[in-house]
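**Student:** Provided herewith: work_29.txt, compact mmCIF, C-alpha atoms.
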```txt
# COMPACT_ATOMS: atom_id res chain seq x y z
CA MET A 1 -63.05 93.40 19.15
CA PRO A 2 -66.30 92.70 17.25
CA ILE A 3 -68.88 95.48 16.83
CA ASP A 4 -72.62 94.76 16.77
CA VAL A 5 -74.79 96.37 14.08
CA THR A 6 -78.32 96.66 15.50
CA MET A 7 -81.77 97.34 14.08
CA PRO A 8 -82.41 101.06 14.76
CA LYS A 9 -85.68 102.60 15.98
CA LEU A 10 -86.76 105.11 13.33
CA SER A 11 -90.18 106.20 14.58
CA ASP A 12 -92.21 106.24 17.78
CA THR A 13 -94.29 103.31 16.46
CA MET A 14 -91.54 101.13 14.98
CA GLU A 15 -91.19 97.72 16.62
CA GLU A 16 -89.31 95.79 13.93
CA GLY A 17 -87.62 96.25 10.56
CA LYS A 18 -87.24 94.05 7.50
CA ILE A 19 -83.94 93.65 5.64
CA LEU A 20 -84.70 94.29 1.97
CA LYS A 21 -81.16 94.02 0.65
CA TRP A 22 -77.61 93.74 1.94
CA LEU A 23 -75.32 96.08 0.02
CA LYS A 24 -72.23 94.72 1.78
CA HIS A 25 -71.27 91.06 2.09
CA PRO A 26 -69.10 89.13 4.56
CA GLY A 27 -65.43 89.81 3.99
CA GLU A 28 -65.95 93.30 2.52
CA ARG A 29 -64.58 96.43 4.17
CA VAL A 30 -67.06 98.91 5.64
CA ALA A 31 -66.23 102.58 6.15
CA ILE A 32 -68.01 105.03 8.45
CA GLY A 33 -70.96 106.57 6.62
CA GLU A 34 -71.11 103.82 4.00
CA ILE A 35 -74.50 102.28 3.18
CA ILE A 36 -74.56 98.62 4.15
CA ALA A 37 -78.24 97.63 3.78
CA GLU A 38 -81.75 98.70 2.82
CA VAL A 39 -84.36 98.33 5.58
CA GLU A 40 -88.15 98.47 5.40
CA THR A 41 -89.70 100.13 8.46
CA ASP A 42 -93.31 100.76 9.43
CA LYS A 43 -93.07 104.20 7.76
CA ALA A 44 -90.69 103.99 4.79
CA ASN A 45 -87.79 102.17 3.17
CA MET A 46 -84.51 103.47 4.58
CA GLU A 47 -80.78 103.03 4.02
CA LEU A 48 -78.71 101.70 6.90
CA GLU A 49 -75.52 103.71 7.26
CA ALA A 50 -72.46 102.36 9.09
CA TYR A 51 -71.50 104.16 12.27
CA ASP A 52 -68.25 102.21 12.68
CA GLU A 53 -65.59 100.88 10.35
CA GLY A 54 -64.29 97.36 9.97
CA THR A 55 -64.90 94.21 7.97
CA LEU A 56 -68.37 92.70 7.70
CA ALA A 57 -67.76 89.46 9.58
CA GLU A 58 -71.26 88.05 9.89
CA VAL A 59 -74.82 88.68 8.65
CA ARG A 60 -77.33 87.48 11.22
CA VAL A 61 -80.59 88.61 9.57
CA GLN A 62 -80.98 87.53 5.97
CA GLU A 63 -82.71 89.43 3.16
CA GLY A 64 -86.47 89.22 3.49
CA ASP A 65 -86.33 88.51 7.23
CA SER A 66 -87.41 90.87 10.00
CA ALA A 67 -85.83 91.69 13.35
CA PRO A 68 -87.05 93.66 16.38
CA VAL A 69 -85.60 97.05 17.21
CA GLY A 70 -82.28 96.66 19.03
CA ALA A 71 -81.59 93.15 17.72
CA VAL A 72 -78.14 92.41 16.30
CA ILE A 73 -78.45 92.09 12.52
CA ALA A 74 -74.75 91.93 11.62
CA VAL A 75 -71.28 91.96 13.16
CA LEU A 76 -68.27 94.04 12.12
CA ALA A 77 -64.74 92.80 12.80
CA ALA A 78 -62.10 95.38 13.67
CA ARG A 79 -59.03 95.75 11.47
CA GLY A 80 -56.91 92.57 11.50
CA GLU A 81 -59.61 90.30 13.01
CA GLY A 82 -60.99 88.93 9.76
CA THR A 83 -64.36 87.29 9.16
CA THR A 84 -65.87 84.24 10.81
CA ALA A 85 -64.95 82.14 7.74
CA GLN A 86 -61.36 83.37 7.80
CA ARG A 87 -61.01 82.53 11.48
CA ALA A 88 -62.43 79.04 10.83
CA ALA A 89 -59.89 78.50 8.00
CA ARG A 90 -56.99 79.46 10.25
CA GLU A 91 -58.21 77.05 12.92
CA LYS A 92 -58.52 74.21 10.39
CA ALA A 93 -54.94 74.79 9.26
CA ALA A 94 -53.61 74.37 12.82
CA PRO A 95 -55.28 71.29 14.40
CA SER A 96 -52.49 70.72 16.92
CA ALA A 97 -52.81 74.24 18.27
CA ARG A 98 -56.56 73.76 18.48
CA ALA A 99 -56.18 70.52 20.44
CA SER A 100 -53.62 71.90 22.87
CA ALA A 101 -55.69 74.99 23.58
CA SER A 102 -59.09 73.27 23.94
CA ALA A 103 -59.68 74.43 27.50
CA PRO A 104 -58.92 78.14 26.95
CA ARG A 105 -60.93 78.06 23.76
CA ALA A 106 -64.04 76.78 25.58
CA ALA A 107 -64.18 80.06 27.44
CA ALA A 108 -63.43 82.14 24.32
CA PRO A 109 -67.08 82.70 23.24
CA ALA A 110 -67.97 84.10 26.63
CA LYS A 111 -64.94 86.40 26.53
CA ALA A 112 -65.79 87.51 23.03
CA GLU A 113 -69.31 88.37 24.05
CA ALA A 114 -68.04 90.24 27.12
CA GLY A 115 -65.50 92.08 24.94
CA ARG A 116 -68.05 93.37 22.46
CA GLU A 117 -68.34 97.11 22.15
CA PRO A 118 -71.58 98.51 23.59
CA PHE A 119 -74.48 99.33 21.30
CA ARG A 120 -74.00 102.38 19.14
CA PRO A 121 -76.80 104.11 17.28
CA THR A 122 -76.98 103.88 13.52
CA VAL A 123 -77.81 106.62 11.04
CA VAL A 124 -80.35 105.88 8.33
CA ARG A 125 -81.41 107.51 5.12
CA ARG A 126 -84.13 106.80 2.58
CA PRO A 127 -82.57 105.04 -0.45
CA GLU A 128 -82.36 107.00 -3.68
CA PRO A 129 -84.02 105.04 -6.49
CA VAL A 130 -81.59 103.95 -9.22
CA GLU A 131 -82.96 103.98 -12.73
CA SER A 132 -82.34 100.88 -14.83
CA PRO A 133 -84.36 100.83 -18.08
CA GLY A 134 -86.43 97.70 -18.49
CA ALA A 135 -85.87 96.45 -14.93
CA ALA A 136 -89.11 96.58 -12.93
CA ALA A 137 -87.23 96.27 -9.64
CA SER A 138 -85.54 99.65 -10.22
CA VAL A 139 -88.62 101.56 -11.37
CA LYS A 140 -89.62 104.31 -8.95
CA ALA A 141 -92.84 103.06 -7.36
CA SER A 142 -94.53 103.05 -3.98
CA PRO A 143 -94.53 99.78 -1.98
CA LEU A 144 -98.32 99.50 -2.39
CA ALA A 145 -98.06 99.97 -6.17
CA ARG A 146 -95.37 97.26 -6.33
CA ARG A 147 -97.49 94.86 -4.29
CA ILE A 148 -100.58 95.30 -6.51
CA ALA A 149 -98.49 94.94 -9.68
CA HIS A 150 -96.86 91.75 -8.34
CA ASP A 151 -100.23 90.24 -7.41
CA HIS A 152 -101.54 90.88 -10.96
CA ASP A 153 -98.32 89.98 -12.83
CA LEU A 154 -97.97 93.52 -14.19
CA ASP A 155 -94.60 94.81 -15.46
CA LEU A 156 -94.02 98.19 -13.78
CA ALA A 157 -91.58 99.16 -16.53
CA GLN A 158 -94.61 99.48 -18.83
CA VAL A 159 -96.50 101.81 -16.44
CA THR A 160 -96.24 105.61 -16.56
CA GLY A 161 -95.98 107.20 -13.12
CA THR A 162 -97.86 110.36 -12.17
CA GLY A 163 -96.45 110.77 -8.66
CA PRO A 164 -93.62 113.10 -7.58
CA GLY A 165 -90.62 112.71 -9.88
CA GLY A 166 -92.49 110.21 -12.10
CA ARG A 167 -93.02 107.81 -9.19
CA ILE A 168 -95.62 105.09 -9.87
CA VAL A 169 -98.46 105.19 -7.33
CA GLN A 170 -101.50 103.04 -6.68
CA LYS A 171 -103.82 104.81 -9.13
CA ASP A 172 -101.27 104.34 -11.97
CA VAL A 173 -101.19 100.57 -11.44
CA GLU A 174 -105.00 100.39 -11.20
CA ALA A 175 -105.33 102.37 -14.45
CA ALA A 176 -102.88 100.01 -16.20
CA LEU A 177 -104.80 96.97 -14.97
CA ALA A 178 -108.08 98.47 -16.16
CA ALA A 179 -106.59 99.19 -19.58
CA ARG A 180 -105.23 95.64 -19.83
CA GLY A 181 -108.65 94.16 -19.11
CA GLY A 182 -109.33 90.49 -18.38
CA PRO A 183 -110.59 87.32 -20.12
CA PRO A 184 -114.14 87.52 -21.53
CA PRO A 185 -116.86 85.82 -19.44
CA ALA A 186 -117.86 82.28 -20.42
CA PRO A 187 -121.08 82.15 -22.47
CA ALA A 188 -124.18 80.98 -20.60
CA LYS A 189 -125.49 77.48 -21.32
CA PRO A 190 -128.52 77.38 -23.66
CA GLY A 191 -131.75 77.41 -21.78
CA ALA A 192 -130.12 78.24 -18.46
CA PRO A 193 -131.69 81.21 -16.66
CA ALA A 194 -129.56 84.31 -16.71
CA GLN A 195 -127.60 84.72 -13.51
CA PRO A 196 -126.67 88.14 -12.15
CA PRO A 197 -122.91 88.74 -12.39
CA PRO A 198 -121.05 88.34 -9.12
CA ALA A 199 -120.23 91.53 -7.29
CA ALA A 200 -116.82 92.82 -8.33
CA GLU A 201 -114.33 92.87 -5.48
CA ARG A 202 -110.64 92.46 -4.91
CA ARG A 203 -108.47 92.11 -1.86
CA VAL A 204 -105.75 94.71 -1.42
CA GLU A 205 -103.13 93.96 1.21
CA LEU A 206 -102.49 96.85 3.58
CA SER A 207 -99.17 98.63 3.26
CA ARG A 208 -96.82 98.46 6.22
CA ILE A 209 -97.78 102.04 7.16
CA ARG A 210 -101.52 101.24 7.12
CA ARG A 211 -100.99 98.06 9.16
CA THR A 212 -99.13 100.08 11.78
CA THR A 213 -101.84 102.77 11.76
CA ALA A 214 -104.57 100.14 12.12
CA LYS A 215 -102.81 98.54 15.08
CA ARG A 216 -102.00 101.81 16.88
CA MET A 217 -105.40 103.43 16.37
CA GLY A 218 -107.19 100.25 17.48
CA GLU A 219 -105.09 100.17 20.65
CA SER A 220 -105.77 103.87 21.23
CA LYS A 221 -109.56 103.56 21.06
CA ARG A 222 -109.58 100.42 23.22
CA GLU A 223 -107.23 101.64 25.93
CA ILE A 224 -107.67 105.42 26.06
CA PRO A 225 -110.96 106.90 27.32
CA HIS A 226 -111.46 109.67 24.76
CA PHE A 227 -113.59 112.74 25.27
CA TYR A 228 -114.08 115.66 22.90
CA ALA A 229 -114.53 119.42 23.13
CA SER A 230 -115.16 121.85 20.26
CA THR A 231 -115.20 125.57 19.64
CA GLU A 232 -115.78 127.92 16.74
CA ILE A 233 -113.04 130.46 15.98
CA ALA A 234 -113.39 133.73 14.06
CA MET A 235 -110.56 133.58 11.52
CA ASP A 236 -110.97 137.03 9.96
CA GLU A 237 -107.88 138.54 11.62
CA ALA A 238 -105.82 135.37 11.17
CA ALA A 239 -106.73 135.37 7.48
CA ARG A 240 -105.59 138.98 7.12
CA LEU A 241 -102.33 138.15 8.92
CA LYS A 242 -101.68 135.15 6.68
CA GLU A 243 -102.39 137.09 3.49
CA ALA A 244 -100.18 140.02 4.54
CA ARG A 245 -97.24 137.77 5.53
CA ALA A 246 -97.58 135.54 2.48
CA ALA A 247 -97.40 138.64 0.25
CA LEU A 248 -93.93 139.35 1.68
CA GLU A 249 -92.67 136.03 0.24
CA GLY A 250 -89.06 135.43 1.26
CA GLU A 251 -89.08 133.57 4.58
CA TYR A 252 -92.89 133.43 4.51
CA GLU A 253 -93.10 131.83 1.08
CA GLY A 254 -95.62 129.00 1.19
CA LEU A 255 -97.29 130.22 4.40
CA THR A 256 -100.56 128.32 5.02
CA TYR A 257 -103.23 128.24 7.70
CA THR A 258 -101.63 125.05 9.03
CA HIS A 259 -98.49 127.03 9.91
CA VAL A 260 -100.55 129.73 11.63
CA VAL A 261 -102.46 127.12 13.65
CA LEU A 262 -99.21 125.32 14.53
CA LYS A 263 -97.79 128.48 16.08
CA ALA A 264 -101.02 129.16 17.97
CA VAL A 265 -101.13 125.57 19.26
CA GLY A 266 -97.52 125.85 20.45
CA LEU A 267 -98.27 128.98 22.50
CA ALA A 268 -101.57 127.60 23.84
CA LEU A 269 -99.80 124.46 25.08
CA THR A 270 -97.35 126.54 27.12
CA ARG A 271 -100.33 128.20 28.82
CA VAL A 272 -102.13 124.91 29.46
CA PRO A 273 -99.20 122.44 29.73
CA GLU A 274 -101.42 119.58 30.96
CA LEU A 275 -102.35 118.93 27.31
CA ASN A 276 -98.69 118.66 26.35
CA ALA A 277 -98.39 115.50 28.40
CA SER A 278 -98.47 111.71 28.48
CA TYR A 279 -100.11 109.17 30.78
CA ASP A 280 -97.63 106.90 32.58
CA GLY A 281 -99.28 104.53 35.04
CA ASP A 282 -99.97 106.55 38.20
CA ALA A 283 -98.30 109.71 36.87
CA MET A 284 -98.72 112.45 34.31
CA VAL A 285 -95.54 113.25 32.36
CA LEU A 286 -95.39 116.94 31.43
CA HIS A 287 -93.13 117.59 28.43
CA GLU A 288 -90.95 120.68 28.42
CA ALA A 289 -90.49 120.62 24.64
CA VAL A 290 -93.52 121.52 22.55
CA ASN A 291 -93.16 119.32 19.45
CA VAL A 292 -96.29 119.07 17.33
CA GLY A 293 -96.81 116.17 14.92
CA VAL A 294 -98.72 117.02 11.74
CA ALA A 295 -100.83 114.17 10.34
CA THR A 296 -99.83 113.96 6.67
CA ALA A 297 -101.39 111.77 3.98
CA VAL A 298 -98.96 109.94 1.67
CA ASP A 299 -99.55 107.36 -1.03
CA ASP A 300 -99.21 104.41 1.36
CA GLY A 301 -101.17 105.80 4.31
CA LEU A 302 -100.63 108.36 7.04
CA VAL A 303 -97.39 109.61 8.58
CA VAL A 304 -96.87 112.19 11.34
CA PRO A 305 -93.70 114.26 10.84
CA VAL A 306 -92.79 116.46 13.80
CA VAL A 307 -92.44 120.27 13.86
CA ARG A 308 -90.21 121.05 16.83
CA HIS A 309 -90.39 123.86 19.40
CA CYS A 310 -93.60 125.41 18.07
CA ASP A 311 -93.80 127.55 21.20
CA ARG A 312 -90.52 129.40 20.79
CA GLU A 313 -89.70 129.16 17.09
CA PRO A 314 -90.86 132.22 15.09
CA LEU A 315 -93.60 131.72 12.52
CA ALA A 316 -91.13 131.96 9.61
CA ALA A 317 -89.00 129.15 11.10
CA ILE A 318 -92.10 126.97 11.51
CA VAL A 319 -92.90 127.56 7.83
CA ARG A 320 -89.40 126.37 6.85
CA GLN A 321 -89.57 123.32 9.11
CA ALA A 322 -93.00 122.25 7.94
CA ARG A 323 -92.19 122.84 4.28
CA GLY A 324 -89.08 120.65 4.52
CA LEU A 325 -91.01 117.89 6.29
CA LEU A 326 -93.76 117.96 3.66
CA GLU A 327 -91.24 117.67 0.83
CA ARG A 328 -89.56 114.69 2.51
CA ALA A 329 -92.94 113.08 3.21
CA ARG A 330 -93.96 113.33 -0.45
CA SER A 331 -90.67 111.86 -1.65
CA GLY A 332 -90.55 109.23 1.12
CA ARG A 333 -87.07 110.34 2.23
CA PHE A 334 -87.25 111.04 5.96
CA ALA A 335 -84.40 111.99 8.24
CA SER A 336 -83.97 109.67 11.21
CA ASP A 337 -85.65 112.08 13.67
CA ASP A 338 -88.47 113.39 11.46
CA LEU A 339 -91.03 110.96 12.88
CA THR A 340 -90.09 110.87 16.55
CA GLY A 341 -90.56 113.04 19.63
CA ALA A 342 -94.06 114.51 19.11
CA THR A 343 -95.84 115.64 22.29
CA PHE A 344 -99.13 116.70 20.62
CA THR A 345 -100.69 116.14 17.19
CA LEU A 346 -102.51 118.38 14.72
CA SER A 347 -104.81 116.88 12.10
CA ASN A 348 -106.01 119.46 9.57
CA LEU A 349 -108.66 118.70 6.93
CA GLY A 350 -109.25 122.38 6.20
CA MET A 351 -108.20 121.95 2.58
CA LEU A 352 -111.26 119.69 2.08
CA PRO A 353 -114.99 120.47 2.54
CA VAL A 354 -114.92 119.08 6.10
CA THR A 355 -116.67 121.38 8.57
CA GLU A 356 -115.62 119.45 11.68
CA PHE A 357 -114.47 116.00 12.77
CA THR A 358 -112.93 114.16 15.72
CA ALA A 359 -109.48 112.55 15.65
CA VAL A 360 -108.03 109.53 17.45
CA ILE A 361 -105.28 110.22 19.99
CA ASN A 362 -101.80 109.12 18.91
CA PRO A 363 -100.25 107.30 21.93
CA PRO A 364 -98.37 108.08 24.10
CA GLN A 365 -99.68 111.63 23.65
CA ALA A 366 -102.67 112.80 25.66
CA ALA A 367 -104.45 114.97 23.07
CA ILE A 368 -104.91 115.70 19.36
CA LEU A 369 -106.52 118.71 17.64
CA ALA A 370 -108.81 118.24 14.62
CA VAL A 371 -109.16 121.33 12.41
CA GLY A 372 -111.99 121.83 9.93
CA THR A 373 -112.25 124.11 6.90
CA ILE A 374 -112.57 127.89 7.13
CA ARG A 375 -116.01 128.74 5.83
CA GLU A 376 -117.72 131.99 4.85
CA THR A 377 -120.83 132.49 6.97
CA PRO A 378 -123.14 135.34 8.00
CA VAL A 379 -122.30 136.68 11.47
CA VAL A 380 -123.71 139.44 13.66
CA ARG A 381 -121.24 142.24 14.34
CA GLU A 382 -122.31 145.44 16.13
CA GLY A 383 -125.95 144.70 15.38
CA GLN A 384 -125.34 144.13 11.68
CA ILE A 385 -125.30 140.89 9.69
CA VAL A 386 -121.97 140.77 7.86
CA PRO A 387 -119.89 138.03 6.20
CA GLY A 388 -117.35 136.31 8.44
CA ARG A 389 -114.81 133.51 8.33
CA ARG A 390 -115.31 130.75 10.87
CA MET A 391 -113.38 127.56 11.66
CA THR A 392 -114.41 124.71 13.98
CA VAL A 393 -111.75 122.85 15.93
CA THR A 394 -112.19 119.78 18.15
CA VAL A 395 -109.69 118.55 20.73
CA SER A 396 -109.69 114.85 21.64
CA CYS A 397 -108.35 114.24 25.17
CA ASP A 398 -107.24 111.33 27.32
CA HIS A 399 -109.72 111.44 30.23
CA ARG A 400 -107.28 109.62 32.52
CA ILE A 401 -105.19 112.79 32.93
CA ILE A 402 -107.22 115.57 31.25
CA ASP A 403 -110.65 116.78 32.31
CA GLY A 404 -113.18 119.02 30.61
CA MET A 405 -111.97 122.17 32.38
CA LEU A 406 -108.44 121.74 31.06
CA ALA A 407 -109.72 121.08 27.53
CA GLY A 408 -111.91 124.19 27.75
CA ARG A 409 -108.98 126.33 28.93
CA PHE A 410 -106.83 125.12 26.06
CA LEU A 411 -109.52 125.94 23.50
CA ARG A 412 -110.02 129.38 25.08
CA GLU A 413 -106.31 130.14 24.73
CA LEU A 414 -106.20 128.83 21.15
CA LYS A 415 -109.30 130.82 20.20
CA GLY A 416 -107.87 134.02 21.69
CA LEU A 417 -104.55 133.61 19.88
CA LEU A 418 -106.16 133.04 16.48
CA GLU A 419 -108.77 135.79 16.84
CA ASN A 420 -106.06 138.26 17.96
CA PRO A 421 -103.03 136.86 16.14
CA LEU A 422 -100.49 139.64 16.77
CA ALA A 423 -98.76 137.42 19.37
CA LEU A 424 -98.05 134.85 16.65
CA VAL A 425 -95.55 137.16 14.92
CA LEU A 426 -94.01 139.00 17.86
```
What's the structure tokens form of this structure?
**Tutor:**
Amino acid sequence: MPIDVTMPKLSDTMEEGKILKWLKHPGERVAIGEIIAEVETDKANMELEAYDEGTLAEVRVQEGDSAPVGAVIAVLAARGEGTTAQRAAREKAAPSARASASAPRAAAPAKAEAGREPFRPTVVRRPEPVESPGAAASVKASPLARRIAHDHDLDLAQVTGTGPGGRIVQKDVEAALAARGGPPPAPAKPGAPAQPPPAAERRVELSRIRRTTAKRMGESKREIPHFYASTEIAMDEAARLKEARAALEGEYEGLTYTHVVLKAVGLALTRVPELNASYDGDAMVLHEAVNVGVATAVDDGLVVPVVRHCDREPLAAIVRQARGLLERARSGRFASDDLTGATFTLSNLGMLPVTEFTAVINPPQAAILAVGTIRETPVVREGQIVPGRRMTVTVSCDHRIIDGMLAGRFLRELKGLLENPLALVL
């Protein structure tokens, strides 16, 4: 019986996907695990991997077209069934049989639909770029870089990439366009008064990621009544803990303040579970799993990979998880569950000179934590002015299910955990 191939949902925000290229064509055999198409999602370009085997009987969504999540994009025929074209040829060769069986055949489509196998999930992977010298289509480049180059008729094969693995990014294309220059301005007519040059501007189309971010953040600010609460945290002990663990290397190699804060957030959410929640009409949904999304900047915008079970995973395991997610984010190769399932979000600008800021809640979550830089500042300790390390954090909350008392309790727990961080490594 025929098997439907559907458009998978690859992130919490994905609503549709675009078929970039079919790697299999009608009549070709498909094996389990074989790549059949490349799909552009709201987060990245992914490879569509077959979950079933059979013969590709029909392609319902053509290259360049989009389809909503769950829509049938192709049909596989089981062994011996053949493709739609093959079935049509057999029918044409036997007109008498077709005439004598007209009544049963009228009901055949309905039976075929009823006999379809139920929807099965698909597995996706980010496509590996294939090098082909001189072919711009195979040059490693971000979608935004490709779009700008196409708009300005620039051959990407002539551009040197500075991104990970030699990948061409936006700034490389802009530098190439600047080096190429443009036509000289037309000389002014004699006697005509000099006119000031028009202001330089250009229109840059938003990447798919930025369009999704714009839509989701606009909806969040319109529909969710945000309120904000801040606190200042003494990071002296947390800094000593980080430096001591990082010196051990091994499982703590690459330990950063983000990892330390992730662990503290995970424990604080178990103590104030109302912030690890979602609003659902007349109810509050409390999530048992504590999965924290980490806002991560990439060339095309912002993605939020998810670090799972921050409450019960040891700090070293969180380091490994987060490091793997960061590597996949930089390369654009996400696993199918990297961007789904977050119950809370952390946005850290501590690596920049940002003292404090407020973040926009990422629906359907109820809260997000904004983390500023750790700064050296004079503090009073036991009657003496001494240097100290301080960090300001701000939690944005959905006022429909969270009030100021709950936000204050969460910040109190987080502050206590970071100022006395022994519990983070026990």
**Student:** Nearest to A:Pro421 among A:Ile233, A:Ala246, A:Met14, A:Val260, with distances taken over all atoms listed in the file: which residue is it?
**Tutor:** A:Val260
**Student:** Taking into account only C-alpha atoms, which residue in the set A:Glu232, A:Glu15, A:Glu288, A:Glu249 is nearest to A:Ala71?
**Tutor:** A:Glu15
**Student:** With all atoms listed in the file as the counted atoms, please give the residues lying no more than 12 Å from A:Arg240, apart from itself and same-chain residues fewer than 4 positions off, as a VMD selection string.
**Tutor:** chain A and resid 234 to 236 244 to 247 256 to 257 260 389 418 to 422
**Student:** Using all atoms listed in the file, can you tell me which of A:Asp4, A:Phe344, A:Gly161, A:Lys9 comes closest to A:Asp52?
**Tutor:** A:Asp4
**Student:** With distances taken over all atoms listed in the file, which of A:Val360, A:Val379, A:Val159, A:Ala423 is nearest to A:Lys263?
**Tutor:** A:Ala423
**Student:** In Å, with one decimal, what is the gap from atom CA of A:Arg167 to atom CA of A:Lys140?
**Tutor:**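 Atom-to-atom, atom CA of A:Arg167 to atom CA of A:Lys140, that is 4.9 Å.
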**Student:** So, with all atoms listed in the file as the atoms that count, which of A:Glu47, A:Gly341, A:Pro364, A:Met284 lies closest to A:Val306?
**Tutor:** A:Gly341
**Student:** What does the distance from atom CA of A:Val39 to atom CA of A:Val75 come to in Å, to one decimal?
**Tutor:**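 For atom CA of A:Val39 relative to atom CA of A:Val75, the distance reads 16.4 Å.
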**Student:** Which residues of stretch 376-412 of chain A sit at most 12 Å from stretch 203-223 of chain A, using only C-alpha atoms? Give each one's shortest atom pair and distance in Å (one decimal place), in chain and ascending residue order, as a Markdown table.
**Tutor:**
```
| residue | atom | partner | partner_atom | distance |
| --- | --- | --- | --- | --- |
| A:Ser396 | CA | A:Lys221 | CA | 11.3 |
| A:Cys397 | CA | A:Ser220 | CA | 11.4 |
| A:Asp398 | CA | A:Ser220 | CA | 9.7 |
| A:His399 | CA | A:Glu223 | CA | 11.0 |
| A:Arg400 | CA | A:Glu223 | CA | 10.3 |
```
